[in-house]
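Undergrad: I have a structure here, written as structure tokens, and I will follow up with some questions on it.
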Amino acid sequence: SNTNESLLGTTAPSTDEAAVLADLTELEHEWTVANINADKTALDRILADDYAGTTIDGQTQGKAEYLRTIERDTVTQKWEFENLKVDLLGDRATLTGLVRFQIENKPREFHFVDKFVWRDGRWQATGSVVTPVD
């Protein structure tokens with residue numbers, strides 16, 4: 001955890017890219033679990049209020065719509081992330097990589113670009129673009 005605290009007691013984001021990559025990788029797993037379980041409490045914590053994402057079919061959705069339309073996923077058996085890279089700029093970070101889902105014994109792969117901001121002492125997602133890999 002980060003001990004670089006200001007007088008207000010709010011922590012600053014780490015400047016160590018490896019540490020941020022580890023934190024965001026963990027958050028990506030939490031986010032995936034929350035999506036699969038349609039866990040709106042977890043998603044409300046993970047997504048920033050100004051979140052704007054682009055879905056697989058190219059639709060843009062904000063946080064409220066995301067939470068309203070999410071449904072439990074009963075087909076994804078497991079997933080793994082590959083080639084994760086973080087681009088860190090102060091209190092903002094962009095994570096890129098590949099996620100492979102095992103869906104009823106059929107793998108599906110997606111490239112993703114997820115954007116995060118450091119707020120209230122933690123990373124929150126502000127955007128996500130997911131593109132299927134043919």
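By convention in this document, the chains of the structure tokens carry letters A, B, ... by their order, each chain's residues are numbered from 1, and ligands are numbered from 1 in the order they are shown.
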Please provide the set of residues having any atom within 10 Å of region 43-54 of chain A, restricted to only C-alpha atoms, with same-chain residues fewer than 3 positions apart removed, written as a ChimeraX atom specification.
TA: /A:27-28,30-35,38-40,57-67,70,113-119,122-131
Undergrad: Those residues with N, CA, C and O atoms, as a compact mmCIF listing (two decimals), in the first residue's frame please?
TA:
# COMPACT_ATOMS: atom_id res chain seq x y z
N LEU A 27 -7.58 -5.33 -10.00
CA LEU A 27 -8.86 -4.66 -10.21
C LEU A 27 -9.59 -5.22 -11.44
O LEU A 27 -10.81 -5.38 -11.42
N GLU A 28 -8.83 -5.55 -12.49
CA GLU A 28 -9.44 -6.15 -13.68
C GLU A 28 -10.11 -7.49 -13.33
O GLU A 28 -11.19 -7.80 -13.84
N GLU A 30 -11.27 -8.33 -10.33
CA GLU A 30 -12.46 -7.98 -9.55
C GLU A 30 -13.59 -7.52 -10.45
O GLU A 30 -14.76 -7.88 -10.25
N TRP A 31 -13.24 -6.72 -11.45
CA TRP A 31 -14.21 -6.17 -12.40
C TRP A 31 -14.85 -7.31 -13.20
O TRP A 31 -16.07 -7.35 -13.38
N THR A 32 -14.03 -8.27 -13.64
CA THR A 32 -14.54 -9.41 -14.40
C THR A 32 -15.50 -10.24 -13.55
O THR A 32 -16.58 -10.62 -14.02
N VAL A 33 -15.12 -10.51 -12.31
CA VAL A 33 -15.99 -11.26 -11.39
C VAL A 33 -17.31 -10.51 -11.18
O VAL A 33 -18.39 -11.09 -11.20
N ALA A 34 -17.20 -9.19 -11.00
CA ALA A 34 -18.40 -8.36 -10.80
C ALA A 34 -19.30 -8.40 -12.02
O ALA A 34 -20.53 -8.47 -11.90
N ASN A 35 -18.69 -8.37 -13.21
CA ASN A 35 -19.48 -8.47 -14.45
C ASN A 35 -20.19 -9.82 -14.53
O ASN A 35 -21.38 -9.88 -14.86
N ALA A 38 -22.95 -9.94 -12.09
CA ALA A 38 -23.83 -8.76 -12.13
C ALA A 38 -23.88 -8.12 -10.74
O ALA A 38 -24.94 -7.77 -10.23
N ASP A 39 -22.70 -7.98 -10.13
CA ASP A 39 -22.57 -7.45 -8.77
C ASP A 39 -22.52 -5.92 -8.83
O ASP A 39 -21.47 -5.31 -9.02
N LYS A 40 -23.70 -5.32 -8.71
CA LYS A 40 -23.81 -3.87 -8.89
C LYS A 40 -23.10 -3.09 -7.80
O LYS A 40 -22.62 -1.98 -8.03
N ASP A 57 -20.29 -4.39 -29.24
CA ASP A 57 -21.01 -4.04 -30.47
C ASP A 57 -20.94 -2.55 -30.80
O ASP A 57 -21.71 -2.05 -31.61
N GLY A 58 -20.00 -1.83 -30.15
CA GLY A 58 -19.74 -0.45 -30.53
C GLY A 58 -20.65 0.59 -29.89
O GLY A 58 -20.58 1.77 -30.24
N GLN A 59 -21.49 0.18 -28.97
CA GLN A 59 -22.37 1.13 -28.28
C GLN A 59 -21.62 1.79 -27.12
O GLN A 59 -20.84 1.14 -26.45
N THR A 60 -21.90 3.06 -26.91
CA THR A 60 -21.31 3.76 -25.77
C THR A 60 -22.30 3.72 -24.62
O THR A 60 -23.50 3.89 -24.83
N GLN A 61 -21.80 3.44 -23.43
CA GLN A 61 -22.68 3.47 -22.27
C GLN A 61 -21.98 4.08 -21.07
O GLN A 61 -20.80 3.86 -20.85
N GLY A 62 -22.76 4.86 -20.31
CA GLY A 62 -22.27 5.45 -19.09
C GLY A 62 -22.50 4.51 -17.93
O GLY A 62 -23.03 3.40 -18.08
N LYS A 63 -22.08 4.94 -16.75
CA LYS A 63 -22.16 4.11 -15.55
C LYS A 63 -23.59 3.67 -15.23
O LYS A 63 -23.84 2.50 -14.96
N ALA A 64 -24.53 4.61 -15.27
CA ALA A 64 -25.92 4.29 -14.89
C ALA A 64 -26.50 3.20 -15.78
O ALA A 64 -27.11 2.24 -15.30
N GLU A 65 -26.27 3.33 -17.09
CA GLU A 65 -26.80 2.33 -18.02
C GLU A 65 -26.10 0.99 -17.84
O GLU A 65 -26.73 -0.07 -17.89
N TYR A 66 -24.80 1.03 -17.62
CA TYR A 66 -24.01 -0.17 -17.37
C TYR A 66 -24.63 -0.94 -16.19
O TYR A 66 -24.92 -2.14 -16.29
N LEU A 67 -24.84 -0.24 -15.09
CA LEU A 67 -25.39 -0.89 -13.89
C LEU A 67 -26.83 -1.37 -14.12
O LEU A 67 -27.23 -2.41 -13.61
N ILE A 70 -26.69 -4.61 -16.81
CA ILE A 70 -25.84 -5.80 -16.62
C ILE A 70 -26.68 -6.98 -16.15
O ILE A 70 -27.59 -6.85 -15.36
N VAL A 113 -8.74 -1.65 -23.95
CA VAL A 113 -8.05 -0.46 -23.47
C VAL A 113 -8.93 0.10 -22.35
O VAL A 113 -10.06 0.53 -22.60
N ASP A 114 -8.44 0.02 -21.13
CA ASP A 114 -9.20 0.50 -19.98
C ASP A 114 -8.48 1.70 -19.38
O ASP A 114 -7.26 1.68 -19.19
N LYS A 115 -9.26 2.73 -19.08
CA LYS A 115 -8.70 3.96 -18.51
C LYS A 115 -9.14 4.08 -17.06
O LYS A 115 -10.27 3.76 -16.72
N PHE A 116 -8.20 4.53 -16.22
CA PHE A 116 -8.45 4.65 -14.79
C PHE A 116 -8.01 6.02 -14.28
O PHE A 116 -7.09 6.63 -14.83
N VAL A 117 -8.65 6.46 -13.21
CA VAL A 117 -8.25 7.68 -12.53
C VAL A 117 -8.12 7.35 -11.04
O VAL A 117 -8.85 6.49 -10.52
N TRP A 118 -7.17 8.02 -10.37
CA TRP A 118 -6.98 7.81 -8.94
C TRP A 118 -7.88 8.80 -8.20
O TRP A 118 -7.70 10.01 -8.31
N ARG A 119 -8.87 8.28 -7.47
CA ARG A 119 -9.79 9.12 -6.70
C ARG A 119 -10.08 8.46 -5.37
O ARG A 119 -10.24 7.24 -5.32
N ARG A 122 -8.00 5.37 -4.38
CA ARG A 122 -8.05 4.10 -5.12
C ARG A 122 -8.26 4.38 -6.60
O ARG A 122 -8.65 5.48 -6.99
N TRP A 123 -7.96 3.38 -7.40
CA TRP A 123 -8.17 3.48 -8.84
C TRP A 123 -9.64 3.20 -9.17
O TRP A 123 -10.24 2.29 -8.61
N GLN A 124 -10.19 4.01 -10.07
CA GLN A 124 -11.54 3.78 -10.57
C GLN A 124 -11.50 3.83 -12.09
O GLN A 124 -10.74 4.60 -12.68
N ALA A 125 -12.34 3.03 -12.73
CA ALA A 125 -12.38 2.97 -14.19
C ALA A 125 -13.18 4.15 -14.74
O ALA A 125 -14.30 4.40 -14.30
N THR A 126 -12.60 4.84 -15.71
CA THR A 126 -13.31 5.94 -16.37
C THR A 126 -13.70 5.60 -17.80
O THR A 126 -14.49 6.29 -18.41
N GLY A 127 -13.12 4.53 -18.32
CA GLY A 127 -13.46 4.16 -19.70
C GLY A 127 -12.96 2.79 -20.04
O GLY A 127 -12.03 2.27 -19.43
N SER A 128 -13.61 2.19 -21.05
CA SER A 128 -13.21 0.87 -21.49
C SER A 128 -13.63 0.70 -22.96
O SER A 128 -14.77 1.03 -23.31
N VAL A 129 -12.71 0.23 -23.77
CA VAL A 129 -13.02 -0.11 -25.16
C VAL A 129 -12.58 -1.55 -25.37
O VAL A 129 -11.43 -1.90 -25.12
N VAL A 130 -13.52 -2.39 -25.80
CA VAL A 130 -13.26 -3.82 -25.98
C VAL A 130 -13.47 -4.16 -27.46
O VAL A 130 -14.49 -3.80 -28.04
N THR A 131 -12.48 -4.85 -28.06
CA THR A 131 -12.55 -5.20 -29.48
C THR A 131 -12.33 -6.69 -29.64
O THR A 131 -11.31 -7.21 -29.16
Undergrad: List the neighbours of Phe110 (chain A) out to 9 Å using only C-alpha atoms; skip same-chain residues closer than 5 positions along the sequence, and give me the result as a PyMOL selection string.
TA: chain A and resi 56+97-101+130-134
Undergrad: Residues of region 47-106 of chain A within 10 Å of region 12-26 of chain A: nearest atom pair and distance (Å, one decimal) for each, counting only C-alpha atoms, sorted by chain and number, as JSON lines?
TA:
{"residue": "A:Phe81", "atom": "CA", "partner": "A:Thr25", "partner_atom": "CA", "distance": 8.3}
{"residue": "A:Leu84", "atom": "CA", "partner": "A:Leu21", "partner_atom": "CA", "distance": 7.8}
{"residue": "A:Lys85", "atom": "CA", "partner": "A:Leu21", "partner_atom": "CA", "distance": 7.2}
{"residue": "A:Val86", "atom": "CA", "partner": "A:Leu21", "partner_atom": "CA", "distance": 5.8}
{"residue": "A:Asp87", "atom": "CA", "partner": "A:Glu17", "partner_atom": "CA", "distance": 7.7}
{"residue": "A:Leu88", "atom": "CA", "partner": "A:Glu17", "partner_atom": "CA", "distance": 6.6}
{"residue": "A:Leu89", "atom": "CA", "partner": "A:Thr15", "partner_atom": "CA", "distance": 8.6}
{"residue": "A:Gly90", "atom": "CA", "partner": "A:Thr15", "partner_atom": "CA", "distance": 7.2}
{"residue": "A:Asp91", "atom": "CA", "partner": "A:Pro13", "partner_atom": "CA", "distance": 6.1}
{"residue": "A:Arg92", "atom": "CA", "partner": "A:Pro13", "partner_atom": "CA", "distance": 8.8}
{"residue": "A:Ala93", "atom": "CA", "partner": "A:Val20", "partner_atom": "CA", "distance": 8.3}
{"residue": "A:Thr94", "atom": "CA", "partner": "A:Leu24", "partner_atom": "CA", "distance": 9.4}
{"residue": "A:Leu95", "atom": "CA", "partner": "A:Leu24", "partner_atom": "CA", "distance": 7.6}
Undergrad: Find the distance between CA of Asp73 (chain A) and CA of Phe112 (chain A) and write it in Å to one decimal.
TA: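 Distance reported for this atom pair: 19.0 Å.
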Undergrad: Apply DSSP to the structure's backbone, then extract all residues of region 15-128 of chain A labelled strand (DSSP E or B) and return them as a PyMOL selection string.
TA: chain A and resi 47-54+60-62+76-89+92-103+106-119+122-128
Undergrad: Would you please work out which residue, of A:Arg68, A:Asn37, A:Gly121, A:Thr74, is nearest to Gln102 (chain A) when using only C-alpha atoms?
TA: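 Closest residue, counting only C-alpha atoms: A:Thr74.
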Undergrad: Just list as a list in words whatever in region 11-53 of chain A DSSP marks as helix (DSSP H, G or I).
TA: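 Assigned to helix (DSSP H, G or I), within region 11-53 of chain A: Glu17, Ala18, Ala19, Val20, Leu21, Ala22, Asp23, Leu24, Thr25, Glu26, Leu27, Glu28, His29, Glu30, Trp31, Thr32, Val33, Ala34, Asn35, Ile36, Asn37, Lys40, Thr41, Ala42, Leu43, Asp44, Arg45 and Ile46 of chain A.
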